[in-house]
>>> print(open('work.cif').read())   # mmCIF, C-alpha atoms
data_model
#
loop_
_atom_site.label_atom_id
_atom_site.label_comp_id
_atom_site.auth_asym_id
_atom_site.auth_seq_id
_atom_site.Cartn_x
_atom_site.Cartn_y
_atom_site.Cartn_z
CA MET A 105 32.22 -38.41 27.67
CA ARG A 106 29.21 -40.60 28.15
CA ILE A 107 26.99 -37.50 28.63
CA CYS A 108 28.26 -36.00 25.37
CA ALA A 109 27.41 -39.19 23.53
CA ASP A 110 23.92 -39.18 25.04
CA VAL A 111 23.34 -35.55 24.03
CA ARG A 112 24.58 -36.25 20.52
CA SER A 113 22.30 -39.25 20.11
CA ALA A 114 19.35 -37.26 21.46
CA LEU A 115 20.01 -34.34 19.11
CA ARG A 116 20.47 -36.47 16.00
CA PRO A 117 16.74 -37.13 15.37
CA ALA A 118 15.95 -33.46 15.99
CA VAL A 119 18.51 -32.37 13.39
CA VAL A 120 17.18 -34.94 10.90
CA LEU A 121 13.62 -33.64 11.45
CA LEU A 122 14.76 -30.04 11.00
CA VAL A 123 16.46 -30.90 7.70
CA ILE A 124 13.37 -32.76 6.49
CA ALA A 125 11.12 -29.84 7.45
CA ALA A 126 13.43 -27.29 5.85
CA VAL A 127 13.13 -28.80 2.34
CA PRO A 128 9.37 -28.10 1.82
CA ALA A 129 9.71 -24.80 3.69
CA LEU A 130 12.40 -23.60 1.29
CA VAL A 131 10.42 -24.79 -1.73
CA ALA A 132 7.31 -22.96 -0.45
CA ALA A 133 9.32 -19.80 0.25
CA TRP A 134 10.62 -19.85 -3.31
CA TRP A 135 7.32 -20.77 -4.96
CA LEU A 136 4.77 -18.72 -3.03
CA PRO A 137 4.90 -15.09 -4.06
CA ARG A 138 5.14 -12.43 -1.41
CA PRO A 139 2.65 -9.55 -1.49
CA ALA A 140 4.01 -6.82 -3.68
CA GLY A 141 4.83 -3.37 -2.46
CA GLN A 142 4.41 -4.03 1.24
CA GLU A 143 8.05 -4.06 2.19
CA GLY A 144 8.95 -1.40 4.74
CA LEU A 145 5.45 0.09 5.00
CA ALA A 146 4.18 0.79 8.49
CA THR A 147 0.54 0.41 9.49
CA PRO A 148 -1.25 3.75 9.10
CA THR A 149 -1.54 5.60 12.39
CA ALA A 150 -4.46 7.63 13.74
CA LEU A 151 -4.10 11.37 14.00
CA SER A 152 -6.24 13.55 16.26
CA VAL A 153 -7.93 16.59 14.75
CA ALA A 154 -5.64 18.90 16.74
CA ALA A 155 -2.55 17.03 15.55
CA ALA A 156 -3.80 17.02 11.95
CA GLN A 157 -4.49 20.77 12.07
CA ALA A 158 -1.06 21.42 13.55
CA LEU A 159 0.51 19.27 10.83
CA ALA A 160 -1.42 21.10 8.11
CA ALA A 161 -0.16 24.41 9.50
CA ARG A 162 3.46 23.23 9.18
CA GLN A 163 3.44 21.34 5.88
CA ALA A 164 1.37 20.33 2.90
CA VAL A 165 -1.32 17.80 3.79
CA LEU A 166 -3.56 16.01 1.34
CA TRP A 167 -6.98 15.29 2.83
CA VAL A 168 -8.76 12.24 1.49
CA ASP A 169 -12.51 11.88 2.02
CA ALA A 170 -13.44 8.19 2.27
CA ARG A 171 -17.15 8.90 2.83
CA ASP A 172 -19.83 8.26 0.23
CA ALA A 173 -20.44 10.68 -2.63
CA ALA A 174 -23.49 12.33 -1.04
CA ALA A 175 -21.66 13.04 2.22
CA HIS A 176 -18.67 14.42 0.33
CA ALA A 177 -20.91 16.69 -1.75
CA ALA A 178 -22.71 17.96 1.36
CA GLY A 179 -19.52 19.24 2.95
CA THR A 180 -15.92 18.25 3.40
CA VAL A 181 -12.51 19.42 4.58
CA PRO A 182 -11.32 22.19 2.22
CA GLY A 183 -9.25 20.70 -0.57
CA ALA A 184 -10.14 17.10 0.26
CA VAL A 185 -10.24 14.62 -2.62
CA PRO A 186 -12.76 11.79 -2.58
CA LEU A 187 -11.46 8.21 -2.60
CA ARG A 188 -13.34 5.13 -1.50
CA HIS A 189 -13.29 1.44 -2.20
CA ASP A 190 -16.49 1.20 -4.26
CA ALA A 191 -15.22 3.72 -6.84
CA TRP A 192 -11.48 3.18 -6.45
CA GLU A 193 -10.44 3.05 -10.09
CA THR A 194 -12.68 6.00 -11.01
CA LEU A 195 -11.43 8.24 -8.20
CA LEU A 196 -7.77 7.21 -8.15
CA PRO A 197 -6.71 9.54 -11.02
CA GLY A 198 -8.05 12.51 -9.02
CA PHE A 199 -6.02 11.45 -6.03
CA VAL A 200 -2.88 11.04 -8.16
CA ASP A 201 -3.43 14.51 -9.64
CA ALA A 202 -3.71 16.08 -6.19
CA TRP A 203 -0.88 14.20 -4.47
CA GLN A 204 2.57 15.76 -4.32
CA PRO A 205 5.77 14.01 -3.20
CA GLY A 206 6.49 14.74 0.45
CA GLN A 207 2.85 15.32 1.38
CA THR A 208 1.25 13.61 4.33
CA VAL A 209 -2.04 12.00 3.38
CA VAL A 210 -4.80 12.17 6.00
CA VAL A 211 -7.84 9.98 5.29
CA PHE A 212 -11.12 10.53 7.08
CA CYS A 213 -14.62 9.08 7.11
CA ASP A 214 -17.78 9.71 9.10
CA GLY A 215 -16.84 9.25 12.70
CA GLY A 216 -14.91 7.34 15.28
CA GLY A 217 -16.52 4.00 14.46
CA CYS A 218 -15.84 4.29 10.75
CA ALA A 219 -13.27 1.80 9.54
CA ALA A 220 -13.23 3.03 5.95
CA ALA A 221 -10.58 5.68 6.62
CA ARG A 222 -8.15 3.15 8.01
CA SER A 223 -8.75 0.66 5.20
CA VAL A 224 -8.41 3.34 2.50
CA ALA A 225 -5.18 4.48 4.17
CA GLN A 226 -3.89 0.90 4.18
CA ARG A 227 -4.82 0.45 0.53
CA LEU A 228 -3.01 3.67 -0.43
CA GLN A 229 0.08 2.33 1.27
CA ARG A 230 -0.22 -1.11 -0.25
CA GLU A 231 -1.20 -0.23 -3.82
CA LEU A 232 0.50 3.10 -4.37
CA GLY A 233 3.48 2.46 -2.16
CA LEU A 234 2.96 5.70 -0.20
CA ALA A 235 4.66 5.70 3.17
CA ASP A 236 3.25 8.82 4.79
CA VAL A 237 -0.43 7.99 5.16
CA THR A 238 -2.51 8.50 8.32
CA TYR A 239 -6.20 8.59 9.18
CA LEU A 240 -8.20 11.06 11.21
CA ASP A 241 -9.27 9.89 14.64
CA GLY A 242 -12.95 10.72 15.05
CA GLY A 243 -13.41 11.46 11.37
CA TRP A 244 -15.57 14.18 9.89
CA ALA A 245 -17.67 14.44 13.07
CA ALA A 246 -14.58 15.31 15.12
CA TRP A 247 -13.38 17.74 12.45
CA LYS A 248 -16.71 19.59 12.48
CA ALA A 249 -16.80 19.69 16.28
CA ALA A 250 -13.26 21.05 16.54
CA PRO A 251 -12.84 24.78 17.33
CA MET B 40 -45.88 -18.51 54.76
CA ARG B 41 -42.23 -19.49 54.75
CA PRO B 42 -39.74 -16.74 53.80
CA ILE B 43 -37.80 -17.47 50.60
CA SER B 44 -34.21 -18.57 51.21
CA ALA B 45 -31.19 -17.06 49.47
CA THR B 46 -30.75 -20.23 47.41
CA GLY B 47 -34.38 -20.17 46.44
CA PHE B 48 -34.09 -16.56 45.36
CA ALA B 49 -31.00 -17.29 43.28
CA LEU B 50 -32.75 -20.22 41.58
CA ALA B 51 -35.77 -18.04 40.89
CA VAL B 52 -33.56 -15.40 39.26
CA LEU B 53 -31.78 -18.10 37.28
CA PHE B 54 -34.92 -19.65 35.87
CA VAL B 55 -37.38 -16.76 35.75
CA VAL B 56 -35.16 -14.14 34.08
CA PRO B 57 -34.50 -16.20 30.93
CA ALA B 58 -38.22 -16.86 30.59
CA LEU B 59 -38.94 -13.28 29.61
CA PRO B 60 -41.91 -12.92 27.24
CA ALA B 61 -39.79 -12.33 24.11
CA LYS B 62 -36.27 -13.31 23.25
CA LEU B 63 -34.44 -13.47 19.97
CA VAL B 64 -31.67 -16.06 19.94
CA TRP B 65 -29.06 -16.13 17.19
CA ASP B 66 -27.60 -19.40 15.91
CA ALA B 67 -24.25 -17.64 15.56
CA THR B 68 -23.18 -14.05 16.04
CA VAL B 69 -19.81 -14.50 14.34
CA ILE B 70 -19.37 -16.02 10.88
CA ASP B 71 -15.97 -16.75 9.38
CA LYS B 72 -15.84 -17.25 5.64
CA ARG B 73 -13.25 -17.41 2.89
CA ALA B 74 -14.28 -15.80 -0.38
CA GLU B 75 -13.33 -17.24 -3.74
CA PHE B 76 -10.75 -15.57 -5.97
CA GLY B 77 -12.41 -12.61 -7.65
CA GLN B 78 -15.74 -13.04 -5.85
CA GLU B 79 -17.50 -9.67 -6.01
CA GLU B 80 -20.35 -10.43 -3.63
CA VAL B 81 -20.12 -12.67 -0.59
CA PRO B 82 -23.50 -13.73 0.85
CA LEU B 83 -23.84 -14.75 4.50
CA VAL B 84 -26.85 -15.68 6.58
CA PHE B 85 -27.35 -15.08 10.29
CA SER B 86 -30.25 -17.24 11.46
CA PHE B 87 -32.31 -16.59 14.56
CA ARG B 88 -35.35 -17.84 16.44
CA ASN B 89 -37.77 -16.28 18.87
CA GLU B 90 -37.60 -18.37 22.03
CA GLY B 91 -39.90 -16.11 23.97
CA THR B 92 -43.66 -16.08 24.32
CA ALA B 93 -44.30 -12.74 22.61
CA PRO B 94 -43.51 -11.46 19.12
CA VAL B 95 -40.15 -9.73 18.57
CA THR B 96 -39.63 -6.95 16.07
CA ILE B 97 -36.28 -6.09 14.54
CA VAL B 98 -36.52 -2.33 14.63
CA ARG B 99 -33.22 -1.26 13.11
CA ILE B 100 -30.12 -2.75 11.46
CA ASP B 101 -26.88 -0.77 11.22
CA ALA B 102 -23.91 -1.91 9.14
CA SER B 103 -20.39 -0.79 9.97
CA CYS B 104 -19.63 0.01 6.35
CA GLY B 105 -21.34 0.77 3.08
CA CYS B 106 -19.88 -2.44 1.68
CA THR B 107 -22.43 -4.48 3.62
CA ALA B 108 -26.10 -4.71 2.61
CA THR B 109 -28.70 -6.49 4.73
CA SER B 110 -32.11 -7.90 3.96
CA LEU B 111 -34.77 -9.43 6.12
CA ALA B 112 -37.92 -11.21 4.89
CA GLU B 113 -39.98 -10.48 8.01
CA SER B 114 -39.14 -7.89 10.63
CA THR B 115 -41.57 -9.31 13.22
CA ILE B 116 -41.00 -12.85 14.41
CA ALA B 117 -43.75 -14.77 16.15
CA PRO B 118 -43.02 -16.85 19.27
CA GLY B 119 -41.23 -20.03 18.18
CA GLY B 120 -40.63 -18.57 14.73
CA ARG B 121 -37.34 -18.55 12.86
CA GLY B 122 -35.83 -16.07 10.47
CA ASP B 123 -32.70 -15.25 8.47
CA LEU B 124 -30.86 -11.99 8.24
CA GLU B 125 -29.16 -12.06 4.85
CA VAL B 126 -25.96 -10.06 4.59
CA LEU B 127 -24.23 -9.31 1.32
CA TYR B 128 -20.64 -8.17 1.57
CA ARG B 129 -18.91 -6.49 -1.39
CA PRO B 130 -15.12 -6.45 -1.13
CA ASP B 131 -14.79 -3.64 -3.73
CA GLY B 132 -11.13 -4.41 -4.21
CA GLN B 133 -10.29 -4.86 -0.55
CA THR B 134 -8.29 -8.00 0.10
CA GLY B 135 -7.03 -9.92 3.10
CA ARG B 136 -8.97 -10.50 6.29
CA GLN B 137 -11.96 -8.18 6.47
CA SER B 138 -13.91 -7.82 9.68
CA LYS B 139 -17.28 -6.02 9.46
CA THR B 140 -20.13 -5.75 11.90
CA VAL B 141 -23.89 -5.46 11.69
CA THR B 142 -25.78 -4.20 14.71
CA VAL B 143 -29.34 -5.39 15.21
CA HIS B 144 -31.77 -3.51 17.45
CA THR B 145 -34.78 -5.53 18.62
CA SER B 146 -37.97 -4.79 20.53
CA ASP B 147 -37.23 -7.40 23.20
CA ALA B 148 -34.02 -5.69 24.31
CA PRO B 149 -34.04 -2.08 23.04
CA ASP B 150 -30.99 -1.13 25.07
CA GLN B 151 -28.98 -4.22 24.19
CA PRO B 152 -28.45 -4.38 20.44
CA VAL B 153 -26.81 -7.53 19.13
CA THR B 154 -23.57 -7.18 17.21
CA LEU B 155 -23.07 -9.67 14.39
CA THR B 156 -19.54 -10.04 13.07
CA LEU B 157 -18.48 -11.09 9.58
CA ASN B 158 -14.87 -12.21 9.28
CA ILE B 159 -14.17 -12.69 5.60
CA ASP B 160 -10.89 -13.70 4.11
CA VAL B 161 -10.75 -12.15 0.65
CA PRO B 162 -7.90 -13.63 -1.36
CA ALA B 163 -6.22 -11.35 -3.88
CA TRP B 164 -5.74 -13.08 -7.22
CA PHE B 165 -3.05 -10.55 -8.07
CA ASP B 166 -1.22 -7.60 -6.58
CA ILE B 167 0.37 -4.73 -8.46
CA ALA B 168 2.47 -2.28 -6.49
CA PRO B 169 3.38 0.47 -6.52
CA ARG B 170 0.85 1.82 -8.97
CA LEU B 171 2.39 5.26 -8.76
CA VAL B 172 6.04 5.90 -9.61
CA THR B 173 7.62 9.33 -9.77
CA TRP B 174 10.81 11.02 -10.92
CA GLU B 175 12.07 14.51 -10.35
CA ARG B 176 12.48 16.87 -13.25
CA GLY B 177 16.17 17.07 -14.14
CA GLY B 178 16.95 14.01 -12.02
CA LYS B 179 18.46 10.71 -13.05
CA ALA B 180 16.37 8.82 -15.61
CA GLU B 181 16.56 5.57 -13.69
CA ALA B 182 14.24 2.58 -14.10
CA LYS B 183 11.46 2.13 -11.55
CA THR B 184 10.10 -1.32 -10.91
CA VAL B 185 6.49 -2.23 -10.36
CA THR B 186 6.11 -5.69 -8.85
CA ILE B 187 3.28 -7.84 -10.13
CA THR B 188 2.35 -10.85 -8.04
CA LEU B 189 -0.01 -13.40 -9.57
CA HIS B 190 -1.49 -15.43 -6.72
CA ARG B 191 -3.91 -17.56 -8.72
CA PRO B 192 -2.27 -20.20 -10.91
CA GLY B 193 -2.83 -19.59 -14.60
CA THR B 194 -3.18 -15.81 -14.24
CA THR B 195 -1.54 -13.74 -16.96
CA VAL B 196 -0.71 -10.08 -17.28
CA THR B 197 -0.12 -8.02 -20.42
CA VAL B 198 0.75 -4.40 -21.07
CA LEU B 199 -1.95 -2.87 -23.28
CA ASN B 200 0.01 0.24 -24.27
CA PRO B 201 3.74 -0.55 -24.14
CA ASP B 202 4.68 2.04 -26.76
CA GLN B 203 4.88 5.24 -24.75
CA GLU B 204 6.15 8.58 -26.02
CA ARG B 205 8.00 9.52 -22.82
CA LEU B 206 8.62 6.14 -21.24
CA THR B 207 10.30 2.84 -21.99
CA VAL B 208 8.11 0.00 -20.76
CA THR B 209 9.24 -3.61 -20.31
CA LEU B 210 7.53 -6.54 -18.62
CA GLU B 211 9.94 -9.15 -17.26
CA ASN B 212 9.67 -12.44 -15.43
CA GLY B 213 10.47 -12.28 -11.74
CA ALA B 214 12.35 -14.61 -9.43
CA SER B 215 9.50 -17.09 -9.07
CA PRO B 216 6.68 -18.21 -11.41
CA GLY B 217 4.09 -15.91 -9.82
CA HIS B 218 6.26 -12.83 -10.11
CA LYS B 219 6.53 -10.30 -12.95
CA MET B 220 8.31 -7.00 -13.00
CA LEU B 221 7.18 -3.96 -14.93
CA ARG B 222 10.15 -1.68 -15.52
CA LEU B 223 9.47 1.94 -16.38
CA THR B 224 12.26 4.24 -17.51
CA PRO B 225 11.77 7.85 -18.61
CA LYS B 226 13.40 8.66 -21.95
CA SER B 227 14.25 12.06 -20.57
CA THR B 228 13.73 13.92 -17.31
CA ALA B 229 13.89 17.36 -18.90
CA GLN B 230 10.13 17.91 -19.06
CA ALA B 231 7.30 17.03 -16.71
CA PHE B 232 4.87 14.38 -17.92
CA ARG B 233 2.27 11.88 -16.82
CA SER B 234 2.12 8.50 -18.50
CA ILE B 235 -0.48 5.88 -17.75
CA VAL B 236 0.50 2.28 -18.40
CA ARG B 237 -2.50 -0.02 -18.63
CA LEU B 238 -2.16 -3.61 -17.49
CA LYS B 239 -4.66 -6.34 -18.31
CA VAL B 240 -4.83 -9.19 -15.83
CA GLU B 241 -6.68 -12.32 -16.91
CA SER B 242 -7.49 -15.60 -15.25
CA GLU B 243 -9.81 -18.36 -16.40
CA GLY B 244 -13.34 -17.99 -15.09
CA LEU B 245 -12.80 -14.47 -13.78
CA GLU B 246 -13.65 -11.16 -15.35
CA ALA B 247 -10.48 -9.58 -16.75
CA ARG B 248 -9.25 -6.47 -14.96
CA VAL B 249 -7.55 -3.49 -16.52
CA LEU B 250 -5.57 -1.36 -14.10
CA ALA B 251 -3.57 1.79 -14.56
CA VAL B 252 -0.04 2.35 -13.34
CA TYR B 253 0.75 6.06 -13.07
CA ALA B 254 4.22 7.26 -14.05
CA ASP B 255 4.79 10.91 -13.17
CA LEU B 256 7.73 13.16 -13.78
CA ARG B 257 7.18 16.32 -11.73
#
>>> encode(input="work.cif", output="structure tokens")
Amino acid sequence: MRICADVRSALRPAVVLLVIAAVPALVAAWWLPRPAGQEGLATPTALSVAAAQALAARQAVLWVDARDAAAHAAGTVPGAVPLRHDAWETLLPGFVDAWQPGQTVVVFCDGGGCAAARSVAQRLQRELGLADVTYLDGGWAAWKAAP
Amino acid sequence: MRPISATGFALAVLFVVPALPAKLVWDATVIDKRAEFGQEEVPLVFSFRNEGTAPVTIVRIDASCGCTATSLAESTIAPGGRGDLEVLYRPDGQTGRQSKTVTVHTSDAPDQPVTLTLNIDVPAWFDIAPRLVTWERGGKAEAKTVTITLHRPGTTVTVLNPDQERLTVTLENGASPGHKMLRLTPKSTAQAFRSIVRLKVESEGLEARVLAVYADLR
């Protein structure tokens, strides 16, 4: 009996603190907006060249070239559409024209150390709400070296 | 002549190796910075000094992305001299925590380039998503919702072309003050169409942005 009373008296301040902390937390949760369009979207995954080629043989794939304009003009994956951060609004209509529901989007940039493909893939997920977006592991260099 | 002891050798290595003729020392190799809302260029400075006794030349600078430009007043630094590597980062619409690197190759350590890291928190002043909504031809003409989140207080959004031939467009208040909802409903799903709804987002002190939301019936 005595132990129960001790536990109760020890828990009381903790409960009071929790209630006090919950008030601003609930207000903040209501007031602060959550990022739009990110619900249920997974982080884009890397796809090897072999896996990407196998995927393209089975289903429609939309290749997205995240390299600069000169690199894209010099040579790219057949059918790839250009899309990069520094010309996003200009190039986005071309991407929307090319994209079809159900397609897997594969973004690539120069090589393995190029982060642009991943960030373009993330932005496609976040802004356009596309779920099926991946990026090419090794980029254009790996694509060219592939048999 | 007395042979050198193991301790003496270790001390010699400890003190002689750092006293190489040239050595570029960086004040910091990692810089964390938070950009302002809508900031289009974020300048950062990596300072260094030559603590060696011979001149050091910065022979090459590689940036991890095209969004990062570097400039250097002098590529050769005299012994005891200081310098700044200025880095200009352009978010180009990217938001959230951005981590970029700049690799510096110097004459004092040709095989050991120094990697400088920029960690920049780029706050979005608004988010609009999804910017592409689709319906199937012959399917149900149901409303699709585009969520607009206004992160910066005082930001407003307006629809520039609400009167659409194929689409009913309404802009509604969301559950909290920073939320708006753009509802798009096709008037018919019998024929394929593409409508572009243009949204203007404005906030005091920032350049207004006009963004397209694509509504496709395929």
>>> residues_around(input="work.cif", residues="range 71-88 of chain B", least_positions_apart="4", cutoff="10 Å", atoms="all atoms listed in the file", output="PDB file with C-alpha atoms, in the coordinates of the input")
ATOM      1  CA  LYS B  62     -36.270 -13.310  23.250  1.00  0.00           C
ATOM      2  CA  LEU B  63     -34.440 -13.470  19.970  1.00  0.00           C
ATOM      3  CA  VAL B  64     -31.670 -16.060  19.940  1.00  0.00           C
ATOM      4  CA  TRP B  65     -29.060 -16.130  17.190  1.00  0.00           C
ATOM      5  CA  ASP B  66     -27.600 -19.400  15.910  1.00  0.00           C
ATOM      6  CA  ALA B  67     -24.250 -17.640  15.560  1.00  0.00           C
ATOM      7  CA  VAL B  95     -40.150  -9.730  18.570  1.00  0.00           C
ATOM      8  CA  CYS B 106     -19.880  -2.440   1.680  1.00  0.00           C
ATOM      9  CA  THR B 107     -22.430  -4.480   3.620  1.00  0.00           C
ATOM     10  CA  ALA B 108     -26.100  -4.710   2.610  1.00  0.00           C
ATOM     11  CA  THR B 109     -28.700  -6.490   4.730  1.00  0.00           C
ATOM     12  CA  SER B 110     -32.110  -7.900   3.960  1.00  0.00           C
ATOM     13  CA  ILE B 116     -41.000 -12.850  14.410  1.00  0.00           C
ATOM     14  CA  ALA B 117     -43.750 -14.770  16.150  1.00  0.00           C
ATOM     15  CA  PRO B 118     -43.020 -16.850  19.270  1.00  0.00           C
ATOM     16  CA  GLY B 119     -41.230 -20.030  18.180  1.00  0.00           C
ATOM     17  CA  GLY B 120     -40.630 -18.570  14.730  1.00  0.00           C
ATOM     18  CA  ARG B 121     -37.340 -18.550  12.860  1.00  0.00           C
ATOM     19  CA  GLY B 122     -35.830 -16.070  10.470  1.00  0.00           C
ATOM     20  CA  ASP B 123     -32.700 -15.250   8.470  1.00  0.00           C
ATOM     21  CA  LEU B 124     -30.860 -11.990   8.240  1.00  0.00           C
ATOM     22  CA  GLU B 125     -29.160 -12.060   4.850  1.00  0.00           C
ATOM     23  CA  VAL B 126     -25.960 -10.060   4.590  1.00  0.00           C
ATOM     24  CA  LEU B 127     -24.230  -9.310   1.320  1.00  0.00           C
ATOM     25  CA  TYR B 128     -20.640  -8.170   1.570  1.00  0.00           C
ATOM     26  CA  ARG B 129     -18.910  -6.490  -1.390  1.00  0.00           C
ATOM     27  CA  PRO B 130     -15.120  -6.450  -1.130  1.00  0.00           C
ATOM     28  CA  ASP B 131     -14.790  -3.640  -3.730  1.00  0.00           C
ATOM     29  CA  GLY B 132     -11.130  -4.410  -4.210  1.00  0.00           C
ATOM     30  CA  THR B 134      -8.290  -8.000   0.100  1.00  0.00           C
ATOM     31  CA  GLY B 135      -7.030  -9.920   3.100  1.00  0.00           C
ATOM     32  CA  ARG B 136      -8.970 -10.500   6.290  1.00  0.00           C
ATOM     33  CA  GLN B 137     -11.960  -8.180   6.470  1.00  0.00           C
ATOM     34  CA  SER B 138     -13.910  -7.820   9.680  1.00  0.00           C
ATOM     35  CA  LEU B 155     -23.070  -9.670  14.390  1.00  0.00           C
ATOM     36  CA  THR B 156     -19.540 -10.040  13.070  1.00  0.00           C
ATOM     37  CA  LEU B 157     -18.480 -11.090   9.580  1.00  0.00           C
ATOM     38  CA  ASN B 158     -14.870 -12.210   9.280  1.00  0.00           C
ATOM     39  CA  ILE B 159     -14.170 -12.690   5.600  1.00  0.00           C
ATOM     40  CA  ASP B 160     -10.890 -13.700   4.110  1.00  0.00           C
ATOM     41  CA  VAL B 161     -10.750 -12.150   0.650  1.00  0.00           C
ATOM     42  CA  PRO B 162      -7.900 -13.630  -1.360  1.00  0.00           C
ATOM     43  CA  ALA B 163      -6.220 -11.350  -3.880  1.00  0.00           C
ATOM     44  CA  TRP B 164      -5.740 -13.080  -7.220  1.00  0.00           C
ATOM     45  CA  PHE B 165      -3.050 -10.550  -8.070  1.00  0.00           C
ATOM     46  CA  HIS B 190      -1.490 -15.430  -6.720  1.00  0.00           C
ATOM     47  CA  ARG B 191      -3.910 -17.560  -8.720  1.00  0.00           C
ATOM     48  CA  SER B 242      -7.490 -15.600 -15.250  1.00  0.00           C
ATOM     49  CA  GLY B 244     -13.340 -17.990 -15.090  1.00  0.00           C
ATOM     50  CA  LEU B 245     -12.800 -14.470 -13.780  1.00  0.00           C
ATOM     51  CA  GLU B 246     -13.650 -11.160 -15.350  1.00  0.00           C
ATOM     52  CA  ALA B 247     -10.480  -9.580 -16.750  1.00  0.00           C
TER      53      ALA B 247
END
>>> closest_residue(input="work.cif", among="A:Ser223, A:Asp172, A:Ala191, A:Val181", to="Thr238 in chain A", atoms="only C-alpha atoms")
A:Ser223
>>> atom_distance(input="work.cif", atom1="CA of Asn200 in chain B", atom2="CA of Ser215 in chain B")
24.9 Å
>>> interface_residues(input="work.cif", of="chain B", to="chain A", cutoff="10 Å", atoms="all atoms listed in the file", output="ChimeraX atom specification")
/B:103-106,129-134,137-139,163,165-175,185-190,213-218,233,235,249-255,257
>>> write_last_selection(input="work.cif", atoms="C-alpha atoms", output="JSON list (two decimals), in the frame of the given file")
[["chain", "number", "residue", "atom", "x", "y", "z"],
["B", 103, "SER", "CA", -20.39, -0.79, 9.97],
["B", 104, "CYS", "CA", -19.63, 0.01, 6.35],
["B", 105, "GLY", "CA", -21.34, 0.77, 3.08],
["B", 106, "CYS", "CA", -19.88, -2.44, 1.68],
["B", 129, "ARG", "CA", -18.91, -6.49, -1.39],
["B", 130, "PRO", "CA", -15.12, -6.45, -1.13],
["B", 131, "ASP", "CA", -14.79, -3.64, -3.73],
["B", 132, "GLY", "CA", -11.13, -4.41, -4.21],
["B", 133, "GLN", "CA", -10.29, -4.86, -0.55],
["B", 134, "THR", "CA", -8.29, -8.00, 0.10],
["B", 137, "GLN", "CA", -11.96, -8.18, 6.47],
["B", 138, "SER", "CA", -13.91, -7.82, 9.68],
["B", 139, "LYS", "CA", -17.28, -6.02, 9.46],
["B", 163, "ALA", "CA", -6.22, -11.35, -3.88],
["B", 165, "PHE", "CA", -3.05, -10.55, -8.07],
["B", 166, "ASP", "CA", -1.22, -7.60, -6.58],
["B", 167, "ILE", "CA", 0.37, -4.73, -8.46],
["B", 168, "ALA", "CA", 2.47, -2.28, -6.49],
["B", 169, "PRO", "CA", 3.38, 0.47, -6.52],
["B", 170, "ARG", "CA", 0.85, 1.82, -8.97],
["B", 171, "LEU", "CA", 2.39, 5.26, -8.76],
["B", 172, "VAL", "CA", 6.04, 5.90, -9.61],
["B", 173, "THR", "CA", 7.62, 9.33, -9.77],
["B", 174, "TRP", "CA", 10.81, 11.02, -10.92],
["B", 175, "GLU", "CA", 12.07, 14.51, -10.35],
["B", 185, "VAL", "CA", 6.49, -2.23, -10.36],
["B", 186, "THR", "CA", 6.11, -5.69, -8.85],
["B", 187, "ILE", "CA", 3.28, -7.84, -10.13],
["B", 188, "THR", "CA", 2.35, -10.85, -8.04],
["B", 189, "LEU", "CA", -0.01, -13.40, -9.57],
["B", 190, "HIS", "CA", -1.49, -15.43, -6.72],
["B", 213, "GLY", "CA", 10.47, -12.28, -11.74],
["B", 214, "ALA", "CA", 12.35, -14.61, -9.43],
["B", 215, "SER", "CA", 9.50, -17.09, -9.07],
["B", 216, "PRO", "CA", 6.68, -18.21, -11.41],
["B", 217, "GLY", "CA", 4.09, -15.91, -9.82],
["B", 218, "HIS", "CA", 6.26, -12.83, -10.11],
["B", 233, "ARG", "CA", 2.27, 11.88, -16.82],
["B", 235, "ILE", "CA", -0.48, 5.88, -17.75],
["B", 249, "VAL", "CA", -7.55, -3.49, -16.52],
["B", 250, "LEU", "CA", -5.57, -1.36, -14.10],
["B", 251, "ALA", "CA", -3.57, 1.79, -14.56],
["B", 252, "VAL", "CA", -0.04, 2.35, -13.34],
["B", 253, "TYR", "CA", 0.75, 6.06, -13.07],
["B", 254, "ALA", "CA", 4.22, 7.26, -14.05],
["B", 255, "ASP", "CA", 4.79, 10.91, -13.17],
["B", 257, "ARG", "CA", 7.18, 16.32, -11.73]]
>>> atom_distance(input="work.cif", atom1="CA of Asn89 in chain B", atom2="CA of Thr154 in chain B")
16.9 Å
>>> atom_distance(input="work.cif", atom1="CA of Gly179 in chain A", atom2="CA of Ala154 in chain A")
19.6 Å
>>> decode(input="work.cif", residues="range 97-110 of chain B", atoms="C-alpha atoms", output="mmCIF file, in the first residue's frame")
data_model
loop_
_atom_site.group_PDB
_atom_site.id
_atom_site.type_symbol
_atom_site.label_atom_id
_atom_site.label_comp_id
_atom_site.auth_asym_id
_atom_site.auth_seq_id
_atom_site.Cartn_x
_atom_site.Cartn_y
_atom_site.Cartn_z
ATOM 1 C CA ILE B 97 46.404 25.559 -55.699
ATOM 2 C CA VAL B 98 46.527 23.630 -58.938
ATOM 3 C CA ARG B 99 42.929 22.513 -59.364
ATOM 4 C CA ILE B 100 39.506 22.936 -57.741
ATOM 5 C CA ASP B 101 36.690 20.478 -58.438
ATOM 6 C CA ALA B 102 33.103 21.080 -57.328
ATOM 7 C CA SER B 103 30.717 18.190 -56.758
ATOM 8 C CA CYS B 104 27.944 19.922 -58.662
ATOM 9 C CA GLY B 105 27.363 22.640 -61.216
ATOM 10 C CA CYS B 106 25.466 24.591 -58.572
ATOM 11 C CA THR B 107 28.740 25.550 -56.901
ATOM 12 C CA ALA B 108 31.110 28.169 -58.341
ATOM 13 C CA THR B 109 34.509 28.897 -56.837
ATOM 14 C CA SER B 110 36.859 31.841 -57.093
#
